[in-house]
file target28.txt (compact mmCIF, C-alpha atoms)
# COMPACT_ATOMS: atom_id res chain seq x y z
CA MET A 1373 6.05 4.49 7.38
CA TYR A 1374 5.81 1.39 5.20
CA ILE A 1375 2.87 0.15 7.26
CA VAL A 1376 1.04 3.46 6.78
CA TYR A 1377 1.89 3.38 3.07
CA PHE A 1378 0.47 -0.10 2.52
CA ILE A 1379 -2.63 0.71 4.59
CA VAL A 1380 -3.34 3.73 2.39
CA LEU A 1381 -2.54 1.74 -0.77
CA LEU A 1382 -5.01 -0.94 0.30
CA LEU A 1383 -7.80 1.16 1.78
CA LEU A 1384 -8.04 3.96 -0.80
CA PRO A 1385 -9.39 1.76 -3.65
CA ILE A 1386 -11.65 -0.11 -1.23
CA TYR A 1387 -13.10 3.16 0.08
CA ALA A 1388 -13.67 4.39 -3.47
CA GLN A 1389 -15.52 1.21 -4.44
CA MET A 1390 -17.65 1.31 -1.30
CA LYS A 1391 -18.48 4.97 -1.97
CA VAL A 1392 -19.61 4.17 -5.50
CA LYS A 1393 -21.77 1.22 -4.47
CA ARG A 1394 -23.36 3.11 -1.57
CA THR A 1395 -24.10 6.23 -3.62
CA TYR A 1396 -25.35 4.27 -6.61
CA LYS A 1397 -27.58 2.05 -4.47
CA ARG A 1398 -29.11 5.08 -2.78
CA TYR A 1399 -29.96 7.01 -5.93
CA SER A 1400 -30.89 3.97 -8.01
CA GLN A 1401 -33.87 3.80 -5.68
CA VAL A 1402 -34.86 7.41 -6.39
CA ARG A 1403 -37.17 7.43 -9.40
CA SER A 1404 -36.44 10.21 -11.88
CA THR A 1405 -39.30 12.62 -12.42
CA SER A 1406 -38.94 12.29 -16.18
CA GLY A 1407 -39.84 8.61 -15.94
CA MET A 1408 -37.27 7.83 -18.62
CA THR A 1409 -35.29 4.62 -18.41
CA GLY A 1410 -31.53 4.70 -18.86
CA ALA A 1411 -31.96 3.31 -22.36
CA GLU A 1412 -34.38 6.11 -23.25
CA VAL A 1413 -32.07 8.74 -21.78
CA ALA A 1414 -29.13 7.42 -23.76
CA ARG A 1415 -31.14 7.26 -26.98
CA LEU A 1416 -32.36 10.83 -26.56
CA ILE A 1417 -28.91 12.26 -25.86
CA LEU A 1418 -27.30 10.35 -28.71
CA ASP A 1419 -29.95 11.39 -31.22
CA GLN A 1420 -29.77 15.01 -30.11
CA ASN A 1421 -26.03 14.96 -30.81
CA GLY A 1422 -26.27 13.39 -34.24
CA LEU A 1423 -25.24 9.94 -33.04
CA SER A 1424 -28.16 7.88 -34.30
CA ASN A 1425 -25.58 5.34 -35.54
CA VAL A 1426 -24.57 4.53 -31.94
CA ARG A 1427 -26.54 1.61 -30.52
CA VAL A 1428 -27.79 1.33 -26.94
CA VAL A 1429 -27.67 -2.23 -25.63
CA GLU A 1430 -28.20 -4.09 -22.36
CA GLN A 1431 -25.12 -5.40 -20.57
CA GLN A 1432 -25.17 -8.08 -17.88
CA GLY A 1433 -23.39 -7.35 -14.60
CA PHE A 1434 -23.42 -4.75 -11.84
CA LEU A 1435 -22.32 -1.29 -13.03
CA SER A 1436 -20.92 -2.83 -16.21
CA ASP A 1437 -21.92 0.30 -18.14
CA HIS A 1438 -19.45 1.46 -20.78
CA TYR A 1439 -19.03 2.93 -24.24
CA ASN A 1440 -17.26 0.86 -26.89
CA PRO A 1441 -15.75 3.13 -29.57
CA GLU A 1442 -14.93 0.19 -31.86
CA THR A 1443 -18.53 -1.04 -32.11
CA LYS A 1444 -20.05 2.39 -31.41
CA THR A 1445 -22.18 0.95 -28.64
CA VAL A 1446 -23.39 2.37 -25.33
CA ALA A 1447 -23.83 -0.64 -23.06
CA LEU A 1448 -25.94 -0.17 -19.94
CA SER A 1449 -26.23 -2.63 -17.06
CA THR A 1450 -29.63 -4.30 -16.73
CA HIS A 1451 -31.00 -2.06 -13.97
CA ASN A 1452 -29.88 1.15 -15.64
CA TYR A 1453 -31.18 0.00 -19.01
CA HIS A 1454 -34.70 -0.81 -17.84
CA GLU A 1455 -35.32 1.37 -14.77
CA ALA A 1456 -36.09 5.09 -14.46
CA SER A 1457 -33.81 6.29 -11.66
CA VAL A 1458 -31.62 9.31 -11.02
CA ALA A 1459 -28.55 7.06 -10.81
CA GLY A 1460 -29.41 5.29 -14.06
CA THR A 1461 -29.95 8.63 -15.78
CA ALA A 1462 -26.56 9.92 -14.64
CA VAL A 1463 -24.71 6.76 -15.66
CA ALA A 1464 -26.40 6.56 -19.07
CA ALA A 1465 -25.63 10.21 -19.75
CA HIS A 1466 -22.00 9.70 -18.70
CA GLU A 1467 -21.51 6.89 -21.20
CA CYS A 1468 -23.12 9.05 -23.89
CA GLY A 1469 -20.58 11.70 -22.91
CA HIS A 1470 -17.87 9.30 -24.06
CA ALA A 1471 -19.70 8.76 -27.35
CA ILE A 1472 -19.81 12.52 -27.89
CA GLN A 1473 -16.10 12.73 -27.06
CA HIS A 1474 -15.45 10.07 -29.68
CA LYS A 1475 -17.44 11.96 -32.31
CA GLU A 1476 -15.59 15.21 -31.56
CA ALA A 1477 -12.19 13.46 -31.39
CA TYR A 1478 -11.64 14.74 -27.85
CA SER A 1479 -7.86 14.93 -27.48
CA PHE A 1480 -7.50 13.05 -24.18
CA LEU A 1481 -9.82 10.27 -25.36
CA THR A 1482 -7.76 9.91 -28.53
CA LEU A 1483 -4.56 9.82 -26.49
CA ARG A 1484 -5.99 7.23 -24.10
CA SER A 1485 -7.07 5.01 -27.00
CA ARG A 1486 -3.54 5.10 -28.40
CA LEU A 1487 -2.13 4.23 -24.98
CA VAL A 1488 -4.37 1.18 -24.47
CA PRO A 1489 -2.09 -1.40 -26.17
CA VAL A 1490 0.97 0.10 -24.46
CA ALA A 1491 -0.74 0.05 -21.06
CA ASN A 1492 -1.91 -3.55 -21.52
CA ILE A 1493 1.59 -4.77 -22.34
CA SER A 1494 3.34 -2.69 -19.69
CA SER A 1495 0.94 -3.63 -16.88
CA ASN A 1496 1.52 -7.33 -17.52
CA ALA A 1497 5.27 -7.15 -18.03
CA SER A 1498 6.36 -4.46 -15.57
CA TRP A 1499 6.10 -6.51 -12.40
CA ILE A 1500 8.10 -9.39 -13.88
CA PHE A 1501 11.07 -7.08 -14.35
CA ILE A 1502 10.44 -5.33 -11.03
CA MET A 1503 10.31 -8.53 -8.98
CA ILE A 1504 13.40 -10.01 -10.64
CA GLY A 1505 15.21 -6.70 -10.26
CA LEU A 1506 14.34 -6.43 -6.57
CA ILE A 1507 15.00 -10.06 -5.63
CA ALA A 1508 18.24 -10.37 -7.59
CA THR A 1509 19.22 -6.72 -6.97
CA ILE A 1510 19.68 -6.12 -10.69
CA GLN A 1511 19.26 -2.39 -11.19
CA PRO A 1512 18.84 -2.40 -15.01
CA LEU A 1513 15.94 -4.86 -14.78
CA LEU A 1514 14.32 -2.83 -12.03
CA LEU A 1515 14.67 0.29 -14.16
CA VAL A 1516 12.99 -1.44 -17.12
CA GLY A 1517 10.14 -2.45 -14.83
CA ILE A 1518 9.78 1.11 -13.55
CA VAL A 1519 9.67 2.51 -17.09
CA LEU A 1520 7.00 -0.01 -18.08
CA LEU A 1521 5.02 0.75 -14.93
CA ALA A 1522 5.29 4.48 -15.67
CA ALA A 1523 3.54 3.89 -19.00
CA GLY A 1524 0.62 2.40 -17.09
CA VAL A 1525 0.60 5.34 -14.71
CA VAL A 1526 0.44 7.76 -17.64
CA PHE A 1527 -2.60 5.86 -18.90
CA GLN A 1528 -4.27 6.20 -15.48
CA LEU A 1529 -3.56 9.93 -15.39
CA VAL A 1530 -4.85 10.50 -18.93
CA THR A 1531 -8.04 8.66 -17.95
CA LEU A 1532 -8.89 11.32 -15.35
CA PRO A 1533 -9.67 14.23 -17.71
CA VAL A 1534 -11.55 11.80 -19.99
CA GLU A 1535 -13.86 10.74 -17.15
CA PHE A 1536 -14.28 14.22 -15.69
CA ASP A 1537 -15.13 15.65 -19.09
CA ALA A 1538 -17.65 12.88 -19.77
CA SER A 1539 -19.37 13.65 -16.47
CA LYS A 1540 -19.45 17.36 -17.28
CA ARG A 1541 -21.00 16.61 -20.65
CA ALA A 1542 -23.49 14.27 -18.97
CA MET A 1543 -24.74 16.97 -16.60
CA ASN A 1544 -25.00 19.48 -19.44
CA GLU A 1545 -27.05 17.06 -21.53
CA ILE A 1546 -29.54 15.95 -18.89
CA VAL A 1547 -30.11 19.55 -17.79
CA ALA A 1548 -30.33 21.01 -21.31
CA HIS A 1549 -32.87 18.41 -22.45
CA GLY A 1550 -34.94 18.65 -19.26
CA ILE A 1551 -34.30 15.02 -18.35
CA ILE A 1552 -33.89 15.93 -14.69
CA ARG A 1553 -35.29 18.76 -12.61
CA ASN A 1554 -33.36 21.24 -10.49
CA GLU A 1555 -33.87 19.28 -7.28
CA GLU A 1556 -32.42 16.16 -8.91
CA GLU A 1557 -29.20 17.80 -10.10
CA PRO A 1558 -27.32 17.39 -6.78
CA TYR A 1559 -28.23 13.69 -6.72
CA ALA A 1560 -26.95 13.13 -10.25
CA ARG A 1561 -23.74 15.00 -9.43
CA LYS A 1562 -23.17 12.80 -6.38
CA VAL A 1563 -23.45 9.66 -8.50
CA LEU A 1564 -20.99 11.00 -11.07
CA SER A 1565 -18.58 12.28 -8.41
CA ALA A 1566 -18.57 8.92 -6.62
CA ALA A 1567 -17.82 7.14 -9.89
CA ALA A 1568 -14.98 9.56 -10.64
CA LEU A 1569 -13.47 8.82 -7.22
CA THR A 1570 -12.62 5.28 -8.34
CA TYR A 1571 -10.45 6.65 -11.15
CA VAL A 1572 -8.81 9.16 -8.81
CA ALA A 1573 -8.05 6.38 -6.31
CA ALA A 1574 -6.60 4.16 -9.04
CA ALA A 1575 -4.39 6.97 -10.33
CA ALA A 1576 -3.27 7.95 -6.83
CA THR A 1577 -2.29 4.41 -5.83
CA ALA A 1578 -0.46 3.92 -9.15
CA VAL A 1579 1.54 7.12 -8.65
CA MET A 1580 2.36 6.20 -5.05
CA GLU A 1581 3.62 2.77 -6.05
CA LEU A 1582 5.70 4.24 -8.87
CA LEU A 1583 7.29 6.78 -6.53
CA ARG A 1584 8.09 4.05 -3.99
CA LEU A 1585 9.90 2.01 -6.64
CA VAL A 1586 11.78 5.06 -7.89
CA LEU A 1587 12.97 5.71 -4.33
CA ILE A 1588 14.09 2.10 -4.01
CA TYR A 1589 15.97 2.37 -7.30
CA THR A 1590 17.72 5.61 -6.32
CA GLY A 1591 18.55 4.07 -2.94
CA MET A 1592 20.22 1.14 -4.69
CA ASN A 1593 22.31 3.59 -6.72
CA ASN A 1594 23.34 5.46 -3.59
CA ASP A 1595 24.44 2.24 -1.95
CA ASP A 1596 26.85 1.48 -4.82

call {"tool": "encode", "arguments": {"input": "target28.txt", "output": "structure tokens"}}
result
Amino acid sequence: MYIVYFIVLLLLPIYAQMKVKRTYKRYSQVRSTSGMTGAEVARLILDQNGLSNVRVVEQQGFLSDHYNPETKTVALSTHNYHEASVAGTAVAAHECGHAIQHKEAYSFLTLRSRLVPVANISSNASWIFIMIGLIATIQPLLLVGIVLLAAGVVFQLVTLPVEFDASKRAMNEIVAHGIIRNEEEPYARKVLSAAALTYVAAAATAVMELLRLVLIYTGMNNDD
């Protein structure tokens, strides 16, 4: 059972990443009929939603696209920024979806932002307590590690509705503004769905690992 568990834990994130890269590569080669670059798509969506104060900038790196709420910046990777593709359109619109969430104070986005410092601390510290607790068989330390890890898992779970909602907003925007045509909608949805899979995989593996540690902890209690 442990072998199966670790195989799933290892392969699920790898599969998700491969799915994203394969889907993105395929539809980044499909030119959008609008002829708009990712930067132009982002600028249009932002302006249409009263977000002219949000900048659109180029970001080095592969699929490094993101929205920074602190600087109010939509950063698009080089290919998406300059090229007119279905994949670039979907990604640019998705990041604008986060900007719109920020403007509207979307509850899950607000919650995730508040959890960021907690998640950063807990993710770094949890395994120190867990490893010491497991090696030295010190239940209180293991419990502290589990609680800290749980905080990170909550962050992963809260991220899911944030990403799904941003993708929903993205599709609504590119359809409403005529950025893509009907025949391009399934392609854009595939890109967004593949990207969402990475977050689902991360959340699933985090939950599985947390449950495994909880079972170990309860087993230690039963042995006493």

call {"tool": "closest_residue", "arguments": {"input": "target28.txt", "among": "A:Tyr1439, A:Phe1434, A:Tyr1571, A:Tyr1559", "to": "Arg1398 in chain A", "atoms": "all atoms listed in the file"}}
result
A:Tyr1559

call {"tool": "closest_atom_pairs", "arguments": {"input": "target28.txt", "of": "range 1516-1541 of chain A", "to": "range 1451-1462 of chain A", "cutoff": "12 Å", "atoms": "all atoms listed in the file", "output": "CSV"}}
result
residue,atom,partner,partner_atom,distance
A:Ala1538,CA,A:Ala1462,CA,10.7
A:Ser1539,CA,A:Ala1462,CA,8.3
A:Lys1540,CA,A:Ala1462,CA,10.6
A:Arg1541,CA,A:Ala1462,CA,10.6

call {"tool": "closest_residue", "arguments": {"input": "target28.txt", "among": "A:Tyr1387, A:Tyr1399, A:Phe1527, A:Phe1378", "to": "Glu1557 in chain A", "atoms": "all atoms listed in the file"}}
result
A:Tyr1399

call {"tool": "residues_near_point", "arguments": {"input": "target28.txt", "point": "(-27.3, 11.5, -27.3)", "cutoff": "12 Å", "atoms": "only C-alpha atoms", "output": "count of residues only"}}
result
40

call {"tool": "atom_distance", "arguments": {"input": "target28.txt", "atom1": "CA of Val1534 in chain A", "atom2": "CA of Arg1584 in chain A"}}
result
26.5 Å

call {"tool": "axis_aligned_box", "arguments": {"input": "target28.txt", "around": "range 1531-1547 of chain A", "padding_each_side": "5 Å", "output": "AutoDock Vina command-line options"}}
result
--center_x -19.1 --center_y 14.1 --center_z -18.4 --size_x 32.1 --size_y 20.9 --size_z 16.2

call {"tool": "atom_distance", "arguments": {"input": "target28.txt", "atom1": "CA of Gly1591 in chain A", "atom2": "CA of Ser1498 in chain A"}}
result
19.5 Å

call {"tool": "atom_distance", "arguments": {"input": "target28.txt", "atom1": "CA of Leu1583 in chain A", "atom2": "CA of Leu1521 in chain A"}}
result
10.6 Å

call {"tool": "closest_residue", "arguments": {"input": "target28.txt", "among": "A:Thr1395, A:Ile1518, A:Leu1487, A:Met1408", "to": "Ile1500 in chain A", "atoms": "all atoms listed in the file"}}
result
A:Ile1518

call {"tool": "closest_residue", "arguments": {"input": "target28.txt", "among": "A:Val1488, A:Val1463, A:Ile1493, A:Ile1375", "to": "Gly1517 in chain A", "atoms": "all atoms listed in the file"}}
result
A:Ile1493

call {"tool": "residues_around", "arguments": {"input": "target28.txt", "residues": "Leu1569 in chain A", "least_positions_apart": "5", "cutoff": "9 Å", "atoms": "all atoms listed in the file", "output": "list in words"}}
result
Pro1385, Ala1388, Gln1389, Lys1391, Val1392, Leu1564 and Ala1574 of chain A

call {"tool": "closest_residue", "arguments": {"input": "target28.txt", "among": "A:Met1390, A:Leu1435, A:Leu1587, A:Val1516", "to": "Met1503 in chain A", "atoms": "only C-alpha atoms"}}
result
A:Val1516

call {"tool": "closest_residue", "arguments": {"input": "target28.txt", "among": "A:Met1592, A:Gln1528, A:Asn1554, A:Thr1405", "to": "Leu1506 in chain A", "atoms": "all atoms listed in the file"}}
result
A:Met1592

call {"tool": "residues_around", "arguments": {"input": "target28.txt", "residues": "Ala1491 in chain A", "least_positions_apart": "4", "cutoff": "9 Å", "atoms": "all atoms listed in the file", "output": "ChimeraX atom specification"}}
result
/A:1487,1495-1496,1520-1521,1523-1527

call {"tool": "build_atoms", "arguments": {"input": "target28.txt", "residues": "range 1447-1476 of chain A", "atoms": "N, CA and C atoms", "output": "CSV table (one decimal), in the coordinates of the input"}}
result
chain,number,residue,atom,x,y,z
A,1447,ALA,N,-23.3,0.5,-23.8
A,1447,ALA,CA,-23.8,-0.6,-23.1
A,1447,ALA,C,-24.2,-0.2,-21.6
A,1448,LEU,N,-25.4,-0.5,-21.3
A,1448,LEU,CA,-25.9,-0.2,-19.9
A,1448,LEU,C,-26.3,-1.4,-19.2
A,1449,SER,N,-25.9,-1.5,-17.9
A,1449,SER,CA,-26.2,-2.6,-17.1
A,1449,SER,C,-27.7,-2.8,-17.0
A,1450,THR,N,-28.2,-4.0,-16.7
A,1450,THR,CA,-29.6,-4.3,-16.7
A,1450,THR,C,-30.5,-3.3,-16.0
A,1451,HIS,N,-30.2,-3.0,-14.8
A,1451,HIS,CA,-31.0,-2.1,-14.0
A,1451,HIS,C,-31.1,-0.7,-14.6
A,1452,ASN,N,-29.9,-0.2,-15.0
A,1452,ASN,CA,-29.9,1.2,-15.6
A,1452,ASN,C,-30.6,1.2,-17.0
A,1453,TYR,N,-30.5,0.1,-17.7
A,1453,TYR,CA,-31.2,0.0,-19.0
A,1453,TYR,C,-32.7,0.1,-18.9
A,1454,HIS,N,-33.2,-0.6,-17.9
A,1454,HIS,CA,-34.7,-0.8,-17.8
A,1454,HIS,C,-35.4,0.1,-16.9
A,1455,GLU,N,-34.7,0.6,-15.8
A,1455,GLU,CA,-35.3,1.4,-14.8
A,1455,GLU,C,-35.2,2.9,-15.0
A,1456,ALA,N,-36.1,3.6,-14.4
A,1456,ALA,CA,-36.1,5.1,-14.5
A,1456,ALA,C,-35.6,5.6,-13.1
A,1457,SER,N,-34.3,5.8,-12.9
A,1457,SER,CA,-33.8,6.3,-11.7
A,1457,SER,C,-32.8,7.4,-11.9
A,1458,VAL,N,-32.6,8.2,-10.9
A,1458,VAL,CA,-31.6,9.3,-11.0
A,1458,VAL,C,-30.2,8.8,-11.3
A,1459,ALA,N,-29.9,7.7,-10.6
A,1459,ALA,CA,-28.6,7.1,-10.8
A,1459,ALA,C,-28.4,6.5,-12.2
A,1460,GLY,N,-29.4,5.8,-12.7
A,1460,GLY,CA,-29.4,5.3,-14.1
A,1460,GLY,C,-29.3,6.4,-15.1
A,1461,THR,N,-30.0,7.5,-14.9
A,1461,THR,CA,-30.0,8.6,-15.8
A,1461,THR,C,-28.5,9.2,-15.9
A,1462,ALA,N,-27.9,9.4,-14.7
A,1462,ALA,CA,-26.6,9.9,-14.6
A,1462,ALA,C,-25.6,9.0,-15.3
A,1463,VAL,N,-25.6,7.7,-15.1
A,1463,VAL,CA,-24.7,6.8,-15.7
A,1463,VAL,C,-24.9,6.7,-17.2
A,1464,ALA,N,-26.1,6.6,-17.6
A,1464,ALA,CA,-26.4,6.6,-19.1
A,1464,ALA,C,-25.9,7.8,-19.8
A,1465,ALA,N,-26.1,9.0,-19.2
A,1465,ALA,CA,-25.6,10.2,-19.8
A,1465,ALA,C,-24.1,10.3,-19.8
A,1466,HIS,N,-23.5,9.7,-18.7
A,1466,HIS,CA,-22.0,9.7,-18.7
A,1466,HIS,C,-21.4,8.9,-19.9
A,1467,GLU,N,-22.0,7.7,-20.1
A,1467,GLU,CA,-21.5,6.9,-21.2
A,1467,GLU,C,-21.8,7.6,-22.6
A,1468,CYS,N,-22.9,8.3,-22.7
A,1468,CYS,CA,-23.1,9.0,-23.9
A,1468,CYS,C,-22.1,10.2,-24.0
A,1469,GLY,N,-21.6,10.7,-22.9
A,1469,GLY,CA,-20.6,11.7,-22.9
A,1469,GLY,C,-19.3,11.2,-23.6
A,1470,HIS,N,-19.0,9.9,-23.4
A,1470,HIS,CA,-17.9,9.3,-24.1
A,1470,HIS,C,-18.1,9.2,-25.6
A,1471,ALA,N,-19.4,8.9,-25.9
A,1471,ALA,CA,-19.7,8.8,-27.4
A,1471,ALA,C,-19.5,10.1,-28.0
A,1472,ILE,N,-20.0,11.2,-27.3
A,1472,ILE,CA,-19.8,12.5,-27.9
A,1472,ILE,C,-18.3,12.9,-28.0
A,1473,GLN,N,-17.5,12.5,-27.0
A,1473,GLN,CA,-16.1,12.7,-27.1
A,1473,GLN,C,-15.5,12.1,-28.3
A,1474,HIS,N,-15.9,10.8,-28.5
A,1474,HIS,CA,-15.4,10.1,-29.7
A,1474,HIS,C,-15.8,10.8,-31.0
A,1475,LYS,N,-17.0,11.3,-31.1
A,1475,LYS,CA,-17.4,12.0,-32.3
A,1475,LYS,C,-16.6,13.2,-32.5
A,1476,GLU,N,-16.3,13.9,-31.5
A,1476,GLU,CA,-15.6,15.2,-31.6
A,1476,GLU,C,-14.1,15.0,-31.5
